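Note sheet for the following structure.
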Amino acid sequence: MAKAAKKIINDPKKVVAEMLDGLVLANDGRIARVPGHAAIVRTDLPESKVAVLIGGGSGHEPLFHGFVGRNMGDGAACGQVFAAPSPDIIVAAAKAVHRGKGVLFLYGNYAGDTMNFDMAAELLEDEDIEVRTVRIADDVAAAPPERKYDRRGIAGDLLMIKIAGGAASELETLDDVVRVVEKAGDNVRSIGVAVSAGSIPETGKPTFELADDEIEIGMGAHGEAGVSRQKLLPADAVADQLMDKILNDLPFQSGDEVALLINNLGATTMMEMLIVNRRIRQILDERGIKVHRTDVGTWLTVQEMAGFSVTLMKLDDELKRYLDMPAESLGYSRM
Amino acid sequence: MAKAAKKIINDPKKVVAEMLDGLVLANDGRIARVPGHAAIVRTDLPESKVAVLIGGGSGHEPLFHGFVGRNMGDGAACGQVFAAPSPDIIVAAAKAVHRGKGVLFLYGNYAGDTMNFDMAAELLEDEDIEVRTVRIADDVAAAPPERKYDRRGIAGDLLMIKIAGGAASELETLDDVVRVVEKAGDNVRSIGVAVSAGSIPETGKPTFELADDEIEIGMGAHGEAGVSRQKLLPADAVADQLMDKILNDLPFQSGDEVALLINNLGATTMMEMLIVNRRIRQILDERGIKVHRTDVGTWLTVQEMAGFSVTLMKLDDELKRYLDMPAESLGYSRM
Amino acid sequence: MAATLEKDDVVAMLRHVSERLIAQVDILTDADLAIGDGDHGIGMQRGFEGTLESFDATPPENIEAAFKAMGTAILSKTGGAAGAIFGTLFRAGSKVTAGKETIGGADIAAFLETGLEAVLKRGGVTEGQKTIIDGLAPAARAARAKEAEGADAVLSAAADAAVAGVEATKGMVATTGKARSLGERSLGHPDPGAISVSLILKAMQDFAARA
Amino acid sequence: MAATLEKDDVVAMLRHVSERLIAQVDILTDADLAIGDGDHGIGMQRGFEGTLESFDATPPENIEAAFKAMGTAILSKTGGAAGAIFGTLFRAGSKVTAGKETIGGADIAAFLETGLEAVLKRGGVTEGQKTIIDGLAPAARAARAKEAEGADAVLSAAADAAVAGVEATKGMVATTGKARSLGERSLGHPDPGAISVSLILKAMQDFAARA
Ligand SMILES: Nc1ncnc2c1ncn2[C@@H]1O[C@H](COP(=O)(O)OP(=O)(O)O)[C@@H](O)[C@H]1O
Ligand SMILES: Nc1ncnc2c1ncn2[C@@H]1O[C@H](COP(=O)(O)OP(=O)(O)O)[C@@H](O)[C@H]1O
Ligand SMILES: [Mg+2]
Ligand SMILES: [Mg+2]
Ligand SMILES: [Mg+2]
Ligand SMILES: [Mg+2]
């Protein structure tokens, strides 16, 4: 049984509250706390725009609350570690971002998030604030294609938030933004591999157990079971398996353009991810699939978990436009 | 004795070569390999500019080779894991970035780097290519102030590269660029804390050992000894110790403006760094020191080492100007 | 042995539930580590600590307010799936006690049924999917079967049914929540949310037996 | 027992050195893990593998070329401090053998002295700072003292002196390189680079004794 991780924290019960204080300060004035709530909002929000509210459980930093900023999320509702935010937090955040043109709720497809965001949406409707929801469900390991609605959201979150943020800066209506974001959701596929576990600060216990020579393909962002547990493999073999799952899920075709994202779940080195990128590009080259844009970094973590995920999003001109807009936030910034 | 880390790699002897292939591909055409050498160069290098060549041992990704791009490094010379690049690599890289206005060598102050870069500089002088050197020496734990030239370079590297990249885009002569970068070097201070060790892919052995309840204040980026080994402490107490060392080293004064950088050495969570940021800002507030700009992220790693470092750079208008210029690279991008 | 409960009994009972559950969070943590993400224990702890704080800050004025305050505290402090589910259970269930000065067996049965109905609607699952429902639905049925026998007997029957329900979840393959992706691997493990239901009812039963 | 070495001997000796050192990298890794960053073993391995490849690709035409090829391979393949230092040692040292068809004890002493001088200049350190110098400087002195006695005796004396030098580094506090920051904590550990010097000279000695 793995030992509890050593963490540099204060009171384990206060990690989320203190993290949010530190997060607001780290944004150098560009975001503010929604008073009395575990929620944040941009300080430079334009007066009239469709609002994008993101959120979910904490412990995955920089996701979600690190992705609030220009052409990204307009605000975020933050739950406790691995726990969806409660409806009151979501309602407060939604009111803080609302600028008269409705609010897009964009979050990962988990039972807890769905229930809490839905409850919040009902409360907001009572107050005549229009809410539309897009649930991110990019993890091909979570369910077969015919039950895509059962899939959970993993690192595809970043591309989805990027596109939503871009679309909501340009498009006039909530309907238009939803249309673009739903299209992005239809075209995004991810899968991860776990190498070792992370742990929740308050319990100190690792979220799963893997033998010293084992990895798990398809494990979810909270240690949910994947598609196969197997012996440690060379990077190329791991990349082959991941790409196989992704490329067989969406009919990617020769000539397609994609966004490629390799996400560090926490403790994996960038060296490893770049070695994997090399193999991914060989595979895509063989298939005639062109990479329009690559991101390699640490976006959705599971505390100190080691492992990474690969995401492909099939692009058209509209998705490219919103994906390529400059964006700035603490956790993701690109010109 | 800690177990060797599980890594997703292929042949351990080929990690650097394969990483570089993956790195070039991840830059989507913005950088190219210097043919035949472990070196990279921007593809969009303007025709006439002072060149900034960065580099050092690999294994610290995204540093250094991830910081090549617009308003950052113009090229990088890449050594093997934790080993300075050899003179032939540096010479090839310098020739690839040189645009007639001389080359700034900017790297961390380690014996291996100094000797190899110096040998390269001598060879380049024979070919009438002007080279000036600035060695980054920001780690206050490495030597007392009167032996600042003995200090090693740690995460201050990022701010130094950012400023050098900005200055070299605007200033006309190598002398001017060197003047600005040296000023930045005089004003930057860092210190780290180690929580657990990383390992070199080829040996699989952890670079140091720490008991399960111990941390080490001041440990260097390769596991070099720090200033004190002690029991695990709360985040606020760790922040207090780090800030104490930094603030006592450079006479920071009330009214000063600084850049603040918190760097993840590998496996530490962003949650921890944000909690630390909260305390750092309390301390700076008490001292009347204003934070002009904050970066919290993963810039200089030591493979899967856990721990982080804090960097402060005292700014004047000129340093602010170059630090705030938009910059884009795989490892660091900000509008 | 209390056949009916007054407001003060209900508040005391819900305090007892909160304290007992806080003392047992490790069971929930371990159960959620086995097939979920390991936060069910600390989540319920936040909700029950919130309940106690709420009772301290604003002593409930009547029975409905007591149940509702517990639901509100859980809803806002627990978060996650359990926060929505248990929050909904207590808030929706509280409505059947509106205006009542005392509650008996039939009221408790109605509380469980109404809460269950709201939870089914909220979560969109049915029995057999290895969730809270598999503790709650049998408990509600057992309660209704004993409705004539008074609060203590009804709670005893409900708690026993919930415990049996937890046992039954071991034989179920999860098809919702974080355990879903485990598929067959979820077999043999009880559902954490259902365990919470059984512990809550057990604590109520013990309180009613002593009251 | 070879008092003088011809070109083929020198090439064979340097091959032997390379193979022996490659087989002993773990000693260097562990020594560097104790007071450095743990890469000295794999670094030297890269350099010596590079030497063998170079000899295979381009068999050295004379003694000077053999020493220089080894230095060039180490300089470009080892990297780090050791690459610069050992590369400089062999490249600078090679010059004293220019034009020689055979080398004897005095040549080896001159090789070590000239190499040492270049290394001192490159690294900017002096004896006693716990570096390669503390193996190399005593070895060069011992070699000069025996210069009249032939290559085998000179190498034997140099190797012994280097081993003693390694031993002495245990009592030194590092004031340069990655071990510098250890301060007093570097006491008791031998210097990895000095160990490499001793292993190289020992391998040369053994070769000369058999040749
Ligand atoms: N849709 C649902 N309906 C009813 N109960 C559910 C549903 N989804 C999950 N649950 C219950 O929630 C429990 C997990 O609660 P908790 O760990 O607090 O939430 P999370 O899954 O968000 O981490 C599960 O054991 C299950 O009983
Ligand atoms: N300035 C110097 N002069 C001579 N030798 C040095 C110097 N700095 C370091 N060394 C030697 O280099 C050795 C370390 O080599 P190696 O581990 O390959 O390089 P690095 O320190 O770059 O990791 C040390 O043990 C020491 O003997
Ligand atoms: Mg959870
Ligand atoms: Mg090294
Ligand atoms: Mg859970
Ligand atoms: Mg070393």
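Residue numbering restarts at 1 in every chain; chains get A, B, ... in the order shown in the structure tokens, and ligands count up from 1 in that same order.
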Which of stretch 76-262 of chain B DSSP labels strand (DSSP E), written as a ChimeraX atom specification: /B:76-81,103-108,131-136,188-196,214-217,228-231,257-262
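Using only C-alpha atoms and all ligand atoms, residues with at least one atom at most 9 Å away from any atom of ligand 6 are B:Phe82, B:Ala83, B:Gly112, B:His222, D:Thr29, D:Asp32, D:Leu33, D:Ile35, D:Gly36, D:Asp37, D:Gly38, D:Asp39, D:His40, D:Gly41, D:Gly43, D:Gly80, D:Ala81, D:Ala82, D:Gly177, D:Lys178, D:Pro192, D:Gly193.
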How would the residues just chosen look if you wrote them out with N, CA and C atoms as a short mmCIF file (atom, residue, chain, number, x, y, z; two decimals), in the first residue's frame?
```cif
data_model
loop_
_atom_site.label_atom_id
_atom_site.label_comp_id
_atom_site.auth_asym_id
_atom_site.auth_seq_id
_atom_site.Cartn_x
_atom_site.Cartn_y
_atom_site.Cartn_z
N PHE B 82 20.83 16.34 -17.02
CA PHE B 82 21.64 16.99 -15.96
C PHE B 82 23.09 17.22 -16.36
N ALA B 83 23.40 17.19 -17.65
CA ALA B 83 24.78 17.39 -18.09
C ALA B 83 24.83 18.54 -19.11
N GLY B 112 29.96 22.75 -15.09
CA GLY B 112 29.92 22.08 -16.39
C GLY B 112 29.47 23.02 -17.50
N HIS B 222 19.43 19.90 -8.83
CA HIS B 222 19.90 18.54 -9.11
C HIS B 222 20.04 17.77 -7.81
N THR D 29 28.37 6.33 -10.74
CA THR D 29 26.99 6.79 -10.49
C THR D 29 26.78 6.95 -9.00
N ASP D 32 28.60 9.87 -7.49
CA ASP D 32 28.01 11.17 -7.86
C ASP D 32 26.64 11.35 -7.21
N LEU D 33 25.93 10.24 -6.97
CA LEU D 33 24.66 10.36 -6.25
C LEU D 33 24.90 10.87 -4.83
N ILE D 35 27.31 12.90 -3.65
CA ILE D 35 27.64 14.33 -3.46
C ILE D 35 27.38 15.18 -4.70
N GLY D 36 26.83 14.58 -5.76
CA GLY D 36 26.53 15.37 -6.96
C GLY D 36 25.14 15.06 -7.46
N ASP D 37 24.97 15.00 -8.78
CA ASP D 37 23.64 14.79 -9.33
C ASP D 37 23.44 13.41 -9.93
N GLY D 38 24.41 12.53 -9.75
CA GLY D 38 24.19 11.13 -10.12
C GLY D 38 24.40 10.78 -11.58
N ASP D 39 24.94 11.71 -12.36
CA ASP D 39 25.08 11.42 -13.80
C ASP D 39 26.52 11.16 -14.23
N HIS D 40 27.44 11.14 -13.30
CA HIS D 40 28.84 11.00 -13.72
C HIS D 40 29.10 9.65 -14.41
N GLY D 41 28.47 8.60 -13.90
CA GLY D 41 28.65 7.27 -14.50
C GLY D 41 28.15 7.23 -15.93
N GLY D 43 27.58 9.64 -17.88
CA GLY D 43 28.33 10.60 -18.69
C GLY D 43 29.62 9.99 -19.19
N GLY D 80 28.58 17.98 -19.54
CA GLY D 80 28.75 18.29 -18.12
C GLY D 80 30.18 18.71 -17.80
N ALA D 81 30.48 18.75 -16.50
CA ALA D 81 31.82 19.13 -16.06
C ALA D 81 32.84 18.09 -16.51
N ALA D 82 32.48 16.83 -16.37
CA ALA D 82 33.45 15.79 -16.68
C ALA D 82 33.81 15.78 -18.16
N GLY D 177 31.91 22.88 -8.16
CA GLY D 177 31.06 21.82 -8.70
C GLY D 177 29.77 21.66 -7.90
N LYS D 178 29.03 20.62 -8.25
CA LYS D 178 27.71 20.43 -7.64
C LYS D 178 27.79 20.06 -6.17
N PRO D 192 33.82 11.96 -7.23
CA PRO D 192 33.55 11.08 -8.38
C PRO D 192 34.55 11.27 -9.52
N GLY D 193 34.86 12.51 -9.84
CA GLY D 193 35.78 12.77 -10.94
C GLY D 193 37.17 12.22 -10.64
#
```
Can you measure atom CA of A:Ala327 to atom CA of B:Phe64 for me? One decimal in Å is fine.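 Those two atoms sit 23.7 Å apart.
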Pick out the residues sitting within 9 Å of C:Lys95, and hand them over as a ChimeraX atom specification; count only C-alpha atoms, and ignore anything fewer than 3 positions along from it in its own chain. /C:64,67-68,90-92,98,111,114
Take the selection from the previous step and output its residues with all heavy atoms, as an mmCIF file, in the first residue's frame.
```cif
data_model
loop_
_atom_site.group_PDB
_atom_site.id
_atom_site.type_symbol
_atom_site.label_atom_id
_atom_site.label_comp_id
_atom_site.auth_asym_id
_atom_site.auth_seq_id
_atom_site.Cartn_x
_atom_site.Cartn_y
_atom_site.Cartn_z
ATOM 1 N N GLU C 64 -40.332 20.476 10.620
ATOM 2 C CA GLU C 64 -40.021 20.674 9.202
ATOM 3 C C GLU C 64 -38.704 21.457 9.045
ATOM 4 O O GLU C 64 -37.837 21.110 8.242
ATOM 5 C CB GLU C 64 -41.157 21.442 8.508
ATOM 6 C CG GLU C 64 -40.884 21.650 7.024
ATOM 7 C CD GLU C 64 -41.879 22.608 6.358
ATOM 8 O OE1 GLU C 64 -42.677 23.254 7.080
ATOM 9 O OE2 GLU C 64 -41.850 22.708 5.131
ATOM 10 N N PHE C 67 -35.556 19.201 9.712
ATOM 11 C CA PHE C 67 -35.164 18.356 8.571
ATOM 12 C C PHE C 67 -34.617 19.204 7.414
ATOM 13 O O PHE C 67 -33.644 18.863 6.774
ATOM 14 C CB PHE C 67 -36.362 17.530 8.074
ATOM 15 C CG PHE C 67 -36.654 16.321 8.924
ATOM 16 C CD1 PHE C 67 -37.861 16.208 9.624
ATOM 17 C CD2 PHE C 67 -35.736 15.289 9.013
ATOM 18 C CE1 PHE C 67 -38.127 15.078 10.398
ATOM 19 C CE2 PHE C 67 -36.007 14.153 9.788
ATOM 20 C CZ PHE C 67 -37.204 14.052 10.488
ATOM 21 N N LYS C 68 -35.288 20.325 7.187
ATOM 22 C CA LYS C 68 -34.890 21.160 6.069
ATOM 23 C C LYS C 68 -33.498 21.766 6.297
ATOM 24 O O LYS C 68 -32.671 21.836 5.379
ATOM 25 C CB LYS C 68 -35.921 22.270 5.844
ATOM 26 C CG LYS C 68 -35.691 22.999 4.545
ATOM 27 C CD LYS C 68 -36.821 23.927 4.162
ATOM 28 C CE LYS C 68 -36.426 24.691 2.916
ATOM 29 N NZ LYS C 68 -37.311 25.828 2.661
ATOM 30 N N PHE C 90 -33.410 15.213 2.422
ATOM 31 C CA PHE C 90 -33.897 15.853 3.652
ATOM 32 C C PHE C 90 -34.770 17.064 3.353
ATOM 33 O O PHE C 90 -35.762 17.311 4.052
ATOM 34 C CB PHE C 90 -32.726 16.230 4.568
ATOM 35 C CG PHE C 90 -32.172 15.059 5.314
ATOM 36 C CD1 PHE C 90 -31.073 14.353 4.850
ATOM 37 C CD2 PHE C 90 -32.792 14.619 6.492
ATOM 38 C CE1 PHE C 90 -30.578 13.250 5.532
ATOM 39 C CE2 PHE C 90 -32.308 13.517 7.182
ATOM 40 C CZ PHE C 90 -31.192 12.832 6.700
ATOM 41 N N ARG C 91 -34.419 17.811 2.311
ATOM 42 C CA ARG C 91 -35.225 19.000 2.002
ATOM 43 C C ARG C 91 -36.605 18.605 1.474
ATOM 44 O O ARG C 91 -37.629 19.139 1.915
ATOM 45 C CB ARG C 91 -34.505 19.893 1.002
ATOM 46 C CG ARG C 91 -33.363 20.706 1.629
ATOM 47 C CD ARG C 91 -32.455 21.316 0.570
ATOM 48 N NE ARG C 91 -33.197 22.176 -0.325
ATOM 49 C CZ ARG C 91 -33.356 23.487 -0.168
ATOM 50 N NH1 ARG C 91 -32.799 24.095 0.862
ATOM 51 N NH2 ARG C 91 -34.044 24.195 -1.039
ATOM 52 N N ALA C 92 -36.619 17.653 0.540
ATOM 53 C CA ALA C 92 -37.918 17.235 -0.010
ATOM 54 C C ALA C 92 -38.729 16.508 1.065
ATOM 55 O O ALA C 92 -39.924 16.759 1.238
ATOM 56 C CB ALA C 92 -37.708 16.326 -1.223
ATOM 57 N N ALA C 98 -44.595 19.292 7.434
ATOM 58 C CA ALA C 98 -45.008 20.691 7.557
ATOM 59 C C ALA C 98 -46.199 20.804 8.511
ATOM 60 O O ALA C 98 -47.175 20.047 8.401
ATOM 61 C CB ALA C 98 -45.371 21.264 6.194
ATOM 62 N N PHE C 111 -41.938 10.570 4.964
ATOM 63 C CA PHE C 111 -40.680 11.315 4.798
ATOM 64 C C PHE C 111 -39.750 10.553 3.842
ATOM 65 O O PHE C 111 -39.207 11.125 2.879
ATOM 66 C CB PHE C 111 -40.018 11.504 6.168
ATOM 67 C CG PHE C 111 -38.603 11.990 6.114
ATOM 68 C CD1 PHE C 111 -38.319 13.359 6.056
ATOM 69 C CD2 PHE C 111 -37.527 11.102 6.104
ATOM 70 C CE1 PHE C 111 -37.013 13.811 5.990
ATOM 71 C CE2 PHE C 111 -36.224 11.549 6.042
ATOM 72 C CZ PHE C 111 -35.954 12.911 5.982
ATOM 73 N N THR C 114 -41.236 10.374 0.176
ATOM 74 C CA THR C 114 -41.183 11.652 -0.538
ATOM 75 C C THR C 114 -39.746 12.019 -0.881
ATOM 76 O O THR C 114 -39.442 12.499 -1.980
ATOM 77 C CB THR C 114 -41.831 12.754 0.322
ATOM 78 O OG1 THR C 114 -43.115 12.301 0.710
ATOM 79 C CG2 THR C 114 -41.938 14.058 -0.456
#
```
Give the answer as one residue: which of A:Ala84, A:Ala51, A:Ile31, A:Ala39 has the shortest atom-to-atom distance to ligand 5, using only C-alpha atoms and all ligand atoms? A:Ala84
Residues of stretch 9-151 of chain D in alpha helix (DSSP H), written as a ChimeraX atom specification: /D:9-23,25-35,40-57,63-77,80-94,105-123,133-145,151
Which residues are near stretch 55-57 of chain B? Cut-off 9 Å, only C-alpha atoms, ignore same chain within fewer than 5 positions. Put them as a PDB file with N, CA, C and O atoms, in the first residue's frame.
```pdb
ATOM      1  N   ALA B  39      20.332  20.624 -30.755  1.00  0.00           N
ATOM      2  CA  ALA B  39      20.114  22.060 -30.616  1.00  0.00           C
ATOM      3  C   ALA B  39      18.923  22.455 -31.466  1.00  0.00           C
ATOM      4  O   ALA B  39      18.625  21.805 -32.475  1.00  0.00           O
ATOM      5  N   LEU B  63      12.228  23.958 -19.126  1.00  0.00           N
ATOM      6  CA  LEU B  63      13.537  24.605 -19.236  1.00  0.00           C
ATOM      7  C   LEU B  63      14.502  23.677 -19.974  1.00  0.00           C
ATOM      8  O   LEU B  63      14.469  22.477 -19.711  1.00  0.00           O
ATOM      9  N   PHE B  64      15.422  24.102 -20.753  1.00  0.00           N
ATOM     10  CA  PHE B  64      15.576  25.383 -21.419  1.00  0.00           C
ATOM     11  C   PHE B  64      14.894  25.372 -22.797  1.00  0.00           C
ATOM     12  O   PHE B  64      14.386  26.356 -23.265  1.00  0.00           O
ATOM     13  N   HIS B  65      14.964  24.206 -23.414  1.00  0.00           N
ATOM     14  CA  HIS B  65      14.554  24.121 -24.826  1.00  0.00           C
ATOM     15  C   HIS B  65      13.067  24.402 -25.039  1.00  0.00           C
ATOM     16  O   HIS B  65      12.649  24.615 -26.165  1.00  0.00           O
ATOM     17  N   GLY B  75      17.366  30.280 -29.588  1.00  0.00           N
ATOM     18  CA  GLY B  75      17.783  28.910 -29.828  1.00  0.00           C
ATOM     19  C   GLY B  75      18.244  28.320 -28.514  1.00  0.00           C
ATOM     20  O   GLY B  75      18.414  29.030 -27.520  1.00  0.00           O
ATOM     21  N   ALA B  76      18.427  27.003 -28.509  1.00  0.00           N
ATOM     22  CA  ALA B  76      18.895  26.346 -27.290  1.00  0.00           C
ATOM     23  C   ALA B  76      19.854  25.226 -27.638  1.00  0.00           C
ATOM     24  O   ALA B  76      19.682  24.539 -28.643  1.00  0.00           O
ATOM     25  N   ALA B  77      20.861  25.073 -26.782  1.00  0.00           N
ATOM     26  CA  ALA B  77      21.807  23.960 -26.873  1.00  0.00           C
ATOM     27  C   ALA B  77      21.449  22.997 -25.748  1.00  0.00           C
ATOM     28  O   ALA B  77      21.367  23.397 -24.596  1.00  0.00           O
ATOM     29  N   CYS B  78      21.224  21.748 -26.098  1.00  0.00           N
ATOM     30  CA  CYS B  78      20.677  20.800 -25.130  1.00  0.00           C
ATOM     31  C   CYS B  78      21.678  19.722 -24.778  1.00  0.00           C
ATOM     32  O   CYS B  78      22.109  18.959 -25.643  1.00  0.00           O
ATOM     33  N   GLY B  79      21.988  19.611 -23.506  1.00  0.00           N
ATOM     34  CA  GLY B  79      22.851  18.538 -23.036  1.00  0.00           C
ATOM     35  C   GLY B  79      22.052  17.280 -22.745  1.00  0.00           C
ATOM     36  O   GLY B  79      20.836  17.237 -22.912  1.00  0.00           O
ATOM     37  N   GLN B  80      22.760  16.262 -22.329  1.00  0.00           N
ATOM     38  CA  GLN B  80      22.083  15.070 -21.841  1.00  0.00           C
ATOM     39  C   GLN B  80      21.458  15.402 -20.479  1.00  0.00           C
ATOM     40  O   GLN B  80      21.585  16.518 -19.990  1.00  0.00           O
ATOM     41  N   VAL B  81      20.785  14.434 -19.869  1.00  0.00           N
ATOM     42  CA  VAL B  81      20.091  14.690 -18.610  1.00  0.00           C
ATOM     43  C   VAL B  81      21.080  15.170 -17.539  1.00  0.00           C
ATOM     44  O   VAL B  81      22.056  14.486 -17.238  1.00  0.00           O
ATOM     45  N   PHE B  82      20.833  16.342 -17.018  1.00  0.00           N
ATOM     46  CA  PHE B  82      21.636  16.986 -15.962  1.00  0.00           C
ATOM     47  C   PHE B  82      23.095  17.223 -16.363  1.00  0.00           C
ATOM     48  O   PHE B  82      23.948  17.430 -15.488  1.00  0.00           O
ATOM     49  N   ALA B  83      23.405  17.191 -17.649  1.00  0.00           N
ATOM     50  CA  ALA B  83      24.784  17.393 -18.092  1.00  0.00           C
ATOM     51  C   ALA B  83      24.828  18.535 -19.109  1.00  0.00           C
ATOM     52  O   ALA B  83      24.074  18.539 -20.084  1.00  0.00           O
ATOM     53  N   ALA B  84      25.712  19.484 -18.888  1.00  0.00           N
ATOM     54  CA  ALA B  84      25.841  20.618 -19.809  1.00  0.00           C
ATOM     55  C   ALA B  84      26.070  20.121 -21.234  1.00  0.00           C
ATOM     56  O   ALA B  84      26.681  19.076 -21.444  1.00  0.00           O
ATOM     57  N   PRO B  85      25.587  20.861 -22.232  1.00  0.00           N
ATOM     58  CA  PRO B  85      25.858  20.495 -23.621  1.00  0.00           C
ATOM     59  C   PRO B  85      27.338  20.663 -23.928  1.00  0.00           C
ATOM     60  O   PRO B  85      28.020  21.497 -23.321  1.00  0.00           O
ATOM     61  N   ILE B  90      26.978  23.673 -28.685  1.00  0.00           N
ATOM     62  CA  ILE B  90      26.807  25.106 -28.420  1.00  0.00           C
ATOM     63  C   ILE B  90      27.249  25.929 -29.625  1.00  0.00           C
ATOM     64  O   ILE B  90      26.576  26.888 -30.026  1.00  0.00           O
ATOM     65  N   PHE B 105      25.108  34.416 -24.558  1.00  0.00           N
ATOM     66  CA  PHE B 105      24.989  33.100 -23.922  1.00  0.00           C
ATOM     67  C   PHE B 105      24.345  33.321 -22.559  1.00  0.00           C
ATOM     68  O   PHE B 105      24.912  34.030 -21.705  1.00  0.00           O
ATOM     69  N   LEU B 106      23.198  32.715 -22.343  1.00  0.00           N
ATOM     70  CA  LEU B 106      22.485  32.887 -21.075  1.00  0.00           C
ATOM     71  C   LEU B 106      22.179  31.514 -20.507  1.00  0.00           C
ATOM     72  O   LEU B 106      21.425  30.746 -21.108  1.00  0.00           O
ATOM     73  N   TYR B 107      22.790  31.210 -19.381  1.00  0.00           N
ATOM     74  CA  TYR B 107      22.622  29.858 -18.820  1.00  0.00           C
ATOM     75  C   TYR B 107      22.854  29.875 -17.315  1.00  0.00           C
ATOM     76  O   TYR B 107      23.332  30.860 -16.757  1.00  0.00           O
ATOM     77  N   GLY B 108      22.538  28.774 -16.684  1.00  0.00           N
ATOM     78  CA  GLY B 108      22.688  28.653 -15.239  1.00  0.00           C
ATOM     79  C   GLY B 108      24.138  28.464 -14.842  1.00  0.00           C
ATOM     80  O   GLY B 108      24.899  27.804 -15.540  1.00  0.00           O
ATOM     81  N   GLY B 112      29.964  22.750 -15.091  1.00  0.00           N
ATOM     82  CA  GLY B 112      29.921  22.083 -16.387  1.00  0.00           C
ATOM     83  C   GLY B 112      29.475  23.023 -17.496  1.00  0.00           C
ATOM     84  O   GLY B 112      30.054  23.047 -18.588  1.00  0.00           O
ATOM     85  N   ASP B 113      28.423  23.804 -17.210  1.00  0.00           N
ATOM     86  CA  ASP B 113      27.941  24.738 -18.223  1.00  0.00           C
ATOM     87  C   ASP B 113      28.989  25.800 -18.527  1.00  0.00           C
ATOM     88  O   ASP B 113      29.245  26.131 -19.680  1.00  0.00           O
TER      89      ASP B 113
ATOM     90  N   GLY D  79      29.596  15.458 -22.015  1.00  0.00           N
ATOM     91  CA  GLY D  79      28.908  16.667 -21.549  1.00  0.00           C
ATOM     92  C   GLY D  79      29.210  16.917 -20.084  1.00  0.00           C
ATOM     93  O   GLY D  79      29.979  16.189 -19.443  1.00  0.00           O
ATOM     94  N   GLY D  80      28.582  17.979 -19.541  1.00  0.00           N
ATOM     95  CA  GLY D  80      28.752  18.294 -18.123  1.00  0.00           C
ATOM     96  C   GLY D  80      30.177  18.706 -17.800  1.00  0.00           C
ATOM     97  O   GLY D  80      31.003  18.961 -18.680  1.00  0.00           O
TER      98      GLY D  80
END
```
Any idea what's packed within 7 Å of stretch 9-15 of chain D, counting only C-alpha atoms, ignoring anything in its chain fewer than 5 positions away? Could you give it as a ChimeraX atom specification? /D:52,63,66,204,207
Could the residues in this selection be saved with N, CA, C and O atoms as a short mmCIF file (atom, residue, chain, number, x, y, z; two decimals), in the first residue's frame?
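What ended up in selection32.cif:
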```
data_model
loop_
_atom_site.label_atom_id
_atom_site.label_comp_id
_atom_site.auth_asym_id
_atom_site.auth_seq_id
_atom_site.Cartn_x
_atom_site.Cartn_y
_atom_site.Cartn_z
N LEU D 52 35.16 4.32 -28.40
CA LEU D 52 35.22 3.04 -29.13
C LEU D 52 34.64 3.19 -30.53
O LEU D 52 35.19 2.69 -31.51
N ILE D 63 49.86 7.98 -32.48
CA ILE D 63 49.59 8.03 -31.03
C ILE D 63 48.84 9.30 -30.66
O ILE D 63 47.86 9.28 -29.93
N ALA D 66 45.27 9.10 -31.47
CA ALA D 66 44.51 8.21 -30.59
C ALA D 66 44.07 8.95 -29.33
O ALA D 66 42.89 8.92 -28.95
N MET D 204 45.00 1.65 -17.42
CA MET D 204 46.22 1.79 -18.22
C MET D 204 47.35 0.95 -17.65
O MET D 204 48.08 0.27 -18.37
N PHE D 207 46.87 -2.68 -18.33
CA PHE D 207 47.17 -2.98 -19.74
C PHE D 207 48.68 -3.04 -19.97
O PHE D 207 49.20 -3.98 -20.58
#
```
I want to know what sits within 8 Å of A:Asn10, based on only C-alpha atoms, with residues of the same chain fewer than 4 positions away left out; could you give that as a PyMOL selection string? (chain A and resi 14-15) or (chain B and resi 234-236)
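Residues in contact with stretch 3-5 of chain C at up to 9 Å, not including ones fewer than 2 positions away on its chain and judged by only C-alpha atoms, are C:Met1, C:Lys7, C:Asp8, C:Asp9, C:Val10, C:Glu101, C:Thr102, C:Ile103, C:Gly104, C:Gly105, C:Glu149, C:Gly150, C:Ala151, C:Asp152, C:Ala153, C:Val154, C:Ala208, C:Ala211.
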Point-to-point distance from atom CA of A:Val91 to atom CA of C:Ile74, Å rounded to tenths: 16.4 Å
